[in-house]
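A.B. asks: Structure file work_34.cif (mmCIF, C-alpha atoms) right here:
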data_input
loop_
_atom_site.label_atom_id
_atom_site.label_comp_id
_atom_site.auth_asym_id
_atom_site.auth_seq_id
_atom_site.Cartn_x
_atom_site.Cartn_y
_atom_site.Cartn_z
CA MET U 1 103.78 164.20 159.36
CA PRO U 2 104.74 165.71 162.76
CA GLU U 3 108.32 166.86 163.14
CA GLN U 4 109.02 164.33 165.92
CA SER U 5 108.09 161.45 163.62
CA LEU U 6 110.37 162.77 160.90
CA LEU U 7 113.25 162.96 163.35
CA ALA U 8 112.56 159.44 164.61
CA ASP U 9 112.82 158.11 161.07
CA MET U 10 116.22 159.69 160.51
CA ALA U 11 119.14 157.29 160.99
CA VAL U 12 121.31 158.15 163.97
CA PRO U 13 124.95 157.20 163.31
CA VAL U 14 126.53 154.70 165.68
CA ALA U 15 129.59 155.82 167.62
CA LEU U 16 132.94 154.11 167.07
CA SER U 17 135.91 153.87 169.42
CA LEU U 18 139.25 152.56 168.18
CA ALA U 19 142.44 151.29 169.77
CA GLN U 20 145.61 150.22 167.97
CA LEU U 21 149.03 148.73 168.62
CA SER U 22 151.97 147.67 166.48
CA HIS U 23 155.49 146.52 167.29
CA ALA U 24 158.33 144.59 165.71
CA GLY U 25 158.09 141.60 168.06
CA GLY U 26 161.34 139.66 167.80
CA ARG U 27 162.24 141.11 164.40
CA GLN U 28 164.65 143.95 163.67
CA VAL U 29 162.14 145.78 161.46
CA ASN U 30 158.38 146.13 161.71
CA GLN U 31 157.09 145.42 158.20
CA ASP U 32 153.43 145.89 159.21
CA SER U 33 151.58 149.08 158.30
CA TRP U 34 148.19 150.32 159.43
CA GLY U 35 145.83 153.24 159.06
CA SER U 36 142.36 154.54 159.80
CA VAL U 37 140.43 157.43 158.31
CA LEU U 38 136.95 158.88 158.75
CA GLN U 39 135.11 160.68 155.95
CA GLU U 40 131.82 162.09 157.20
CA ASP U 41 130.13 158.95 158.58
CA LEU U 42 132.23 156.41 156.67
CA ALA U 43 135.18 154.79 158.44
CA CYS U 44 138.02 152.86 156.80
CA VAL U 45 140.47 150.78 158.85
CA ILE U 46 143.41 148.92 157.27
CA VAL U 47 146.16 146.52 158.40
CA ALA U 48 148.85 145.23 156.02
CA ASP U 49 151.71 142.80 156.68
CA GLY U 50 154.65 143.18 154.31
CA VAL U 51 156.97 140.52 152.92
CA GLY U 52 160.38 141.13 151.35
CA GLY U 53 164.04 141.63 152.13
CA GLN U 54 165.98 144.90 152.16
CA TYR U 55 163.00 146.61 153.81
CA GLY U 56 160.86 145.63 150.82
CA GLY U 57 158.07 144.34 153.04
CA GLU U 58 157.93 147.59 154.97
CA ILE U 59 157.69 149.52 151.70
CA ALA U 60 155.05 147.19 150.29
CA SER U 61 152.72 147.38 153.28
CA ASN U 62 153.15 151.16 153.46
CA ILE U 63 152.20 151.55 149.79
CA VAL U 64 149.15 149.33 150.26
CA VAL U 65 147.82 151.20 153.29
CA HIS U 66 148.45 154.70 151.98
CA SER U 67 147.10 154.02 148.49
CA ILE U 68 143.84 152.67 149.96
CA MET U 69 143.53 155.61 152.33
CA GLU U 70 144.30 158.05 149.51
CA MET U 71 141.59 156.66 147.24
CA PHE U 72 139.09 156.42 150.09
CA VAL U 73 139.62 160.08 150.99
CA GLU U 74 139.23 161.14 147.36
CA GLU U 75 136.04 159.22 146.66
CA ALA U 76 134.70 157.84 149.93
CA SER U 77 131.99 155.33 149.13
CA PHE U 78 130.47 152.28 150.76
CA GLY U 79 129.82 149.04 148.90
CA PRO U 80 131.59 145.88 147.73
CA ARG U 81 132.53 147.41 144.37
CA ALA U 82 134.01 150.46 146.05
CA LEU U 83 135.99 148.33 148.50
CA GLN U 84 137.23 146.11 145.68
CA SER U 85 138.37 149.19 143.78
CA TYR U 86 140.32 150.49 146.80
CA ILE U 87 142.22 147.21 147.07
CA GLU U 88 142.75 146.98 143.30
CA HIS U 89 144.19 150.50 143.41
CA SER U 90 146.73 149.35 146.00
CA VAL U 91 147.65 146.39 143.78
CA ALA U 92 148.24 148.74 140.83
CA GLN U 93 150.32 151.13 142.93
CA LEU U 94 152.49 148.34 144.30
CA ASN U 95 152.98 146.84 140.84
CA ARG U 96 154.05 150.24 139.56
CA ARG U 97 156.69 150.58 142.29
CA GLN U 98 157.94 147.04 141.63
CA ALA U 99 158.46 147.95 137.97
CA GLN U 100 160.27 151.17 138.88
CA ILE U 101 162.72 149.61 141.35
CA PRO U 102 163.96 146.16 140.25
CA ARG U 103 165.40 145.26 143.66
CA LEU U 104 161.89 145.55 145.09
CA LYS U 105 160.22 143.37 142.45
CA ASP U 106 159.60 140.53 144.94
CA MET U 107 158.06 142.62 147.70
CA SER U 108 154.44 141.90 148.61
CA SER U 109 151.92 142.44 151.36
CA THR U 110 148.78 141.05 152.89
CA VAL U 111 145.91 143.44 153.50
CA ALA U 112 142.65 143.55 155.45
CA VAL U 113 140.24 146.46 155.07
CA LEU U 114 137.14 147.21 157.13
CA LEU U 115 134.56 149.78 156.00
CA ILE U 116 131.86 150.96 158.40
CA ASP U 117 128.87 153.08 157.44
CA GLN U 118 127.93 154.66 160.75
CA THR U 119 124.69 156.22 159.49
CA ASN U 120 123.28 153.06 157.93
CA ARG U 121 124.81 150.89 160.65
CA CYS U 122 126.52 148.35 158.47
CA ALA U 123 130.00 147.04 157.69
CA LEU U 124 131.93 145.46 154.82
CA TRP U 125 135.40 143.96 154.71
CA GLY U 126 137.86 142.43 152.29
CA HIS U 127 141.28 140.83 152.55
CA MET U 128 144.22 139.17 150.84
CA GLY U 129 146.51 136.78 152.68
CA ASP U 130 146.43 135.94 156.39
CA THR U 131 145.68 139.30 157.96
CA ARG U 132 142.28 138.79 159.55
CA VAL U 133 139.03 140.61 160.32
CA TYR U 134 136.96 139.30 163.24
CA LEU U 135 133.47 140.41 164.30
CA PHE U 136 132.25 139.72 167.84
CA ARG U 137 128.68 140.15 169.12
CA ARG U 138 127.75 139.85 172.78
CA HIS U 139 131.37 138.81 173.41
CA LYS U 140 131.08 135.82 171.07
CA LEU U 141 132.76 135.34 167.70
CA LEU U 142 130.22 136.00 164.96
CA SER U 143 132.43 136.06 161.86
CA ALA U 144 136.08 135.74 160.83
CA THR U 145 137.87 135.91 157.50
CA LYS U 146 139.46 132.74 156.18
CA ASP U 147 143.19 132.89 155.40
CA HIS U 148 144.46 132.72 151.85
CA SER U 149 147.24 130.30 152.74
CA LEU U 150 148.56 126.85 151.92
CA ILE U 151 147.67 125.53 155.37
CA GLN U 152 144.12 126.89 155.14
CA GLN U 153 143.80 124.91 151.90
CA PHE U 154 145.05 121.82 153.75
CA VAL U 155 142.51 122.43 156.52
CA ASP U 156 139.70 122.87 153.99
CA ALA U 157 140.71 119.60 152.31
CA GLY U 158 140.77 117.76 155.65
CA HIS U 159 144.53 117.19 155.62
CA CYS U 160 145.24 119.41 158.65
CA SER U 161 143.41 120.35 161.82
CA PRO U 162 142.49 124.03 162.34
CA ASP U 163 145.11 124.18 165.10
CA GLN U 164 147.79 123.83 162.42
CA LEU U 165 146.92 127.31 161.12
CA ARG U 166 148.85 128.65 164.10
CA ARG U 167 151.66 126.10 164.36
CA HIS U 168 152.44 124.48 161.01
CA PRO U 169 155.98 125.31 159.77
CA ARG U 170 154.57 126.22 156.31
CA ARG U 171 151.79 128.44 157.64
CA SER U 172 153.30 131.58 156.09
CA ILE U 173 152.95 130.36 152.49
CA LEU U 174 150.17 132.48 151.01
CA SER U 175 147.85 131.90 148.06
CA ALA U 176 146.92 135.59 147.73
CA ALA U 177 148.85 138.78 148.44
CA VAL U 178 149.23 142.25 146.98
CA GLY U 179 152.25 142.33 144.65
CA VAL U 180 152.41 138.61 143.87
CA GLU U 181 152.10 137.85 140.17
CA GLY U 182 149.19 135.52 139.47
CA SER U 183 147.72 136.02 142.95
CA ALA U 184 144.05 135.37 143.51
CA PRO U 185 142.11 138.66 143.78
CA ALA U 186 140.97 140.15 147.04
CA GLU U 187 138.07 138.45 148.76
CA VAL U 188 135.36 141.03 149.55
CA ILE U 189 132.08 140.13 151.20
CA GLN U 190 129.20 141.03 148.90
CA ASN U 191 126.48 141.71 151.48
CA ALA U 192 126.92 144.35 154.13
CA VAL U 193 126.56 143.13 157.71
CA GLN U 194 124.24 145.11 159.97
CA ILE U 195 126.02 146.20 163.14
CA GLN U 196 124.57 147.00 166.53
CA ASP U 197 125.40 148.42 169.91
CA GLY U 198 128.10 146.33 171.59
CA ASP U 199 129.57 144.81 168.43
CA ALA U 200 133.37 144.70 168.31
CA PHE U 201 135.84 144.22 165.46
CA LEU U 202 139.42 142.98 165.60
CA ILE U 203 141.72 143.47 162.59
CA CYS U 204 145.17 141.97 163.05
CA SER U 205 148.25 140.53 161.39
CA ASP U 206 149.30 136.91 161.93
CA GLY U 207 151.88 138.00 164.51
CA PHE U 208 148.90 138.80 166.75
CA TRP U 209 146.32 136.08 166.10
CA GLU U 210 148.86 133.24 166.05
CA TRP U 211 149.37 133.69 169.80
CA ILE U 212 145.77 134.01 170.96
CA SER U 213 142.87 131.62 170.44
CA GLU U 214 139.36 132.70 169.52
CA ALA U 215 138.20 131.49 172.94
CA GLU U 216 140.77 133.77 174.60
CA MET U 217 139.58 136.67 172.41
CA GLU U 218 136.02 136.06 173.60
CA GLN U 219 137.08 135.83 177.24
CA ALA U 220 138.97 139.12 176.95
CA ALA U 221 135.95 140.75 175.25
CA SER U 222 133.69 139.70 178.15
CA GLN U 223 136.05 141.39 180.64
CA ALA U 224 136.68 144.61 178.69
CA SER U 225 134.82 147.88 179.03
CA SER U 226 136.34 149.62 176.00
CA ALA U 227 138.24 149.02 172.77
CA GLN U 228 141.48 149.88 174.58
CA ASP U 229 140.75 147.51 177.48
CA TRP U 230 140.01 144.67 175.07
CA LEU U 231 143.18 145.29 173.09
CA ASP U 232 145.30 145.50 176.25
CA LEU U 233 143.88 142.24 177.61
CA MET U 234 144.44 140.40 174.34
CA HIS U 235 147.93 141.80 173.91
CA GLY U 236 148.81 140.53 177.37
CA ILE U 237 147.75 137.04 176.29
CA VAL U 238 149.71 137.35 173.04
CA GLU U 239 152.85 138.35 174.95
CA LYS U 240 152.41 135.57 177.53
CA ASN U 241 151.77 132.83 174.97
CA GLY U 242 154.51 134.06 172.67
CA SER U 243 157.09 134.22 175.46
CA ALA U 244 156.26 130.66 176.52
CA SER U 245 157.07 129.33 173.05
CA ASN U 246 160.42 128.66 171.47
CA SER U 247 159.43 130.38 168.23
CA PRO U 248 160.69 133.85 167.27
CA LEU U 249 157.92 136.43 167.61
CA ASP U 250 156.80 138.13 164.40
CA ASN U 251 155.68 141.71 163.79
CA CYS U 252 152.44 142.27 165.67
CA THR U 253 149.69 144.73 164.68
CA ALA U 254 146.05 144.99 165.75
CA PHE U 255 143.09 147.37 165.72
CA THR U 256 140.05 146.98 167.94
CA ILE U 257 136.83 148.84 167.14
CA HIS U 258 133.84 149.08 169.48
CA VAL U 259 130.39 150.01 168.18
CA ALA U 260 128.02 151.88 170.50
CA GLU U 261 124.86 153.92 170.48
CA PRO U 262 125.69 157.63 170.53
CA ARG U 263 125.39 159.34 173.88
CA PRO U 264 122.38 161.66 174.12
CA SER U 265 123.38 165.31 173.92
CA ALA U 266 122.98 167.31 177.07
CA SER U 267 119.79 169.36 177.17
CA ARG U 268 120.14 173.10 177.34
#
As a first step, turn the structure in this file into structure tokens.

C.D. replies:
Amino acid sequence: MPEQSLLADMAVPVALSLAQLSHAGGRQVNQDSWGSVLQEDLACVIVADGVGGQYGGEIASNIVVHSIMEMFVEEASFGPRALQSYIEHSVAQLNRRQAQIPRLKDMSSTVAVLLIDQTNRCALWGHMGDTRVYLFRRHKLLSATKDHSLIQQFVDAGHCSPDQLRRHPRRSILSAAVGVEGSAPAEVIQNAVQIQDGDAFLICSDGFWEWISEAEMEQAASQASSAQDWLDLMHGIVEKNGSASNSPLDNCTAFTIHVAEPRPSASR
């Protein structure tokens, strides 16, 4: 087979661009944690939202993010079983710290993890709690994780409208979280999603998505030229909507990831 044909058959990794923000909102402490790491052509992006007094939430989310990153760096792999094992490792690490320090026994954390295989052009994600992963294609929402929360259960049962996910006073009661005894396990999608040029991911804690609708996310995506532009536009909406409410603003963390074809290398 001619060399050109061989080269054409080789997978060319997609390029990724990331933007990130995190702040305490109206709280004294930011209990969110976040991280991203690239191993060869595998990318791992994580957001965790901690719960617990005496800085317990901050500790919990930090343990979750760093234990996932640590295991990913040691044995970077792509697949639902690998992703499940990364999250299970964070559960074990948090449980171990709870047992070591009694005053932190009630700390817990949500988590959302996105894995991207740049060479094979596909993505997987998993989550616990109400930290979300969104996928947009051609500026339209293609997929979004479903919260592990009491109000999501009410919505599924027809007892609440979807709007209540953002406004119900009991919206923070979770049915799954890292560090909660008897919690449901992480939900990991079992079939990788093929990604393409122009796709965009948003991973964010509830302090971000509560103050911006999916329609506003799409509108911002249609106006943005980069991951940073999109994040800046959405954050402006979050700040505006949050300021107009009478509710105290929560910790706010978000990653945006843009997928693009690699630029051709300059000819010599």

A.B. asks: Expand the PyMOL selection byres ((chain U and resi 23) around 10) into the individual residues it matches in the shown file, reporting them as a list in words.

C.D. replies: Leu21, Ser22, Ala24, Gly25, Gly26, Arg27, Val29, Asn30, Gln31, Asp32, Gly207, Asp250, Asn251, Cys252, Thr253 and Ala254 of chain U

A.B. asks: Separation of atom CA of Gly129 of chain U and atom CA of Ala112 of chain U, in Å?

C.D. replies: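 So the two atoms, atom CA of Gly129 of chain U and atom CA of Ala112 of chain U, lie 8.3 Å apart.
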
A.B. asks: If we count all atoms listed in the file and set the cut-off at 12 Å, which residues sit around Pro13 of chain U, ignoring sequence neighbours fewer than 2 positions away in its own chain? Please answer as a tab-separated table (two decimals) with C-alpha atoms, keeping the file's coordinate frame.

C.D. replies:
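The new file result-v6.tsv reads:
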chain	number	residue	atom	x	y	z
U	10	MET	CA	116.22	159.69	160.51
U	11	ALA	CA	119.14	157.29	160.99
U	15	ALA	CA	129.59	155.82	167.62
U	16	LEU	CA	132.94	154.11	167.07
U	40	GLU	CA	131.82	162.09	157.20
U	41	ASP	CA	130.13	158.95	158.58
U	42	LEU	CA	132.23	156.41	156.67
U	43	ALA	CA	135.18	154.79	158.44
U	116	ILE	CA	131.86	150.96	158.40
U	117	ASP	CA	128.87	153.08	157.44
U	118	GLN	CA	127.93	154.66	160.75
U	119	THR	CA	124.69	156.22	159.49
U	120	ASN	CA	123.28	153.06	157.93
U	121	ARG	CA	124.81	150.89	160.65
U	122	CYS	CA	126.52	148.35	158.47
U	195	ILE	CA	126.02	146.20	163.14
U	196	GLN	CA	124.57	147.00	166.53
U	197	ASP	CA	125.40	148.42	169.91
U	259	VAL	CA	130.39	150.01	168.18
U	260	ALA	CA	128.02	151.88	170.50
U	261	GLU	CA	124.86	153.92	170.48
U	262	PRO	CA	125.69	157.63	170.53
U	263	ARG	CA	125.39	159.34	173.88
U	264	PRO	CA	122.38	161.66	174.12

A.B. asks: Skip Ser33 of chain U itself and residues of its chain fewer than 2 positions away, then list as a list in words all residues within 10 Å of it, counting all atoms listed in the file.

C.D. replies: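 Residues meeting the cut-off are Ser22, Asn30, Gln31, Gly35, Ile46, Val47, Ala48, Asp49, Gly50, Gly57, Glu58, Ile59, Ala60, Ser61, Asn62, Ile63, Val64, Val65, His66, Ser109, Val111, Ser205 and Thr253 of chain U.
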
A.B. asks: Tell me, in Å to one decimal, how far atom CA of Ser213 of chain U is from atom CA of Asn241 of chain U.

C.D. replies: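 Computed distance, atom CA of Ser213 of chain U to atom CA of Asn241 of chain U, equals 10.1 Å.
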
A.B. asks: Residues at most 9 Å from Ala200 of chain U, counting only C-alpha atoms, excluding those fewer than 4 positions away in the same chain, as number ranges by chain?

C.D. replies: U: 134-139, 221, 227, 256-259

A.B. asks: Show which residues sit within 9 Å of Leu104 of chain U, as a PDB file with C-alpha atoms, keeping the file's coordinate frame. Count only C-alpha atoms, and ignore same-chain residues fewer than 5 positions away.

C.D. replies:
ATOM      1  CA  GLY U  52     160.380 141.130 151.350  1.00  0.00           C
ATOM      2  CA  GLY U  53     164.040 141.630 152.130  1.00  0.00           C
ATOM      3  CA  GLN U  54     165.980 144.900 152.160  1.00  0.00           C
ATOM      4  CA  TYR U  55     163.000 146.610 153.810  1.00  0.00           C
ATOM      5  CA  GLY U  56     160.860 145.630 150.820  1.00  0.00           C
ATOM      6  CA  GLY U  57     158.070 144.340 153.040  1.00  0.00           C
ATOM      7  CA  ILE U  59     157.690 149.520 151.700  1.00  0.00           C
ATOM      8  CA  ALA U  60     155.050 147.190 150.290  1.00  0.00           C
ATOM      9  CA  ARG U  97     156.690 150.580 142.290  1.00  0.00           C
ATOM     10  CA  GLN U  98     157.940 147.040 141.630  1.00  0.00           C
ATOM     11  CA  ALA U  99     158.460 147.950 137.970  1.00  0.00           C
TER      12      ALA U  99
END
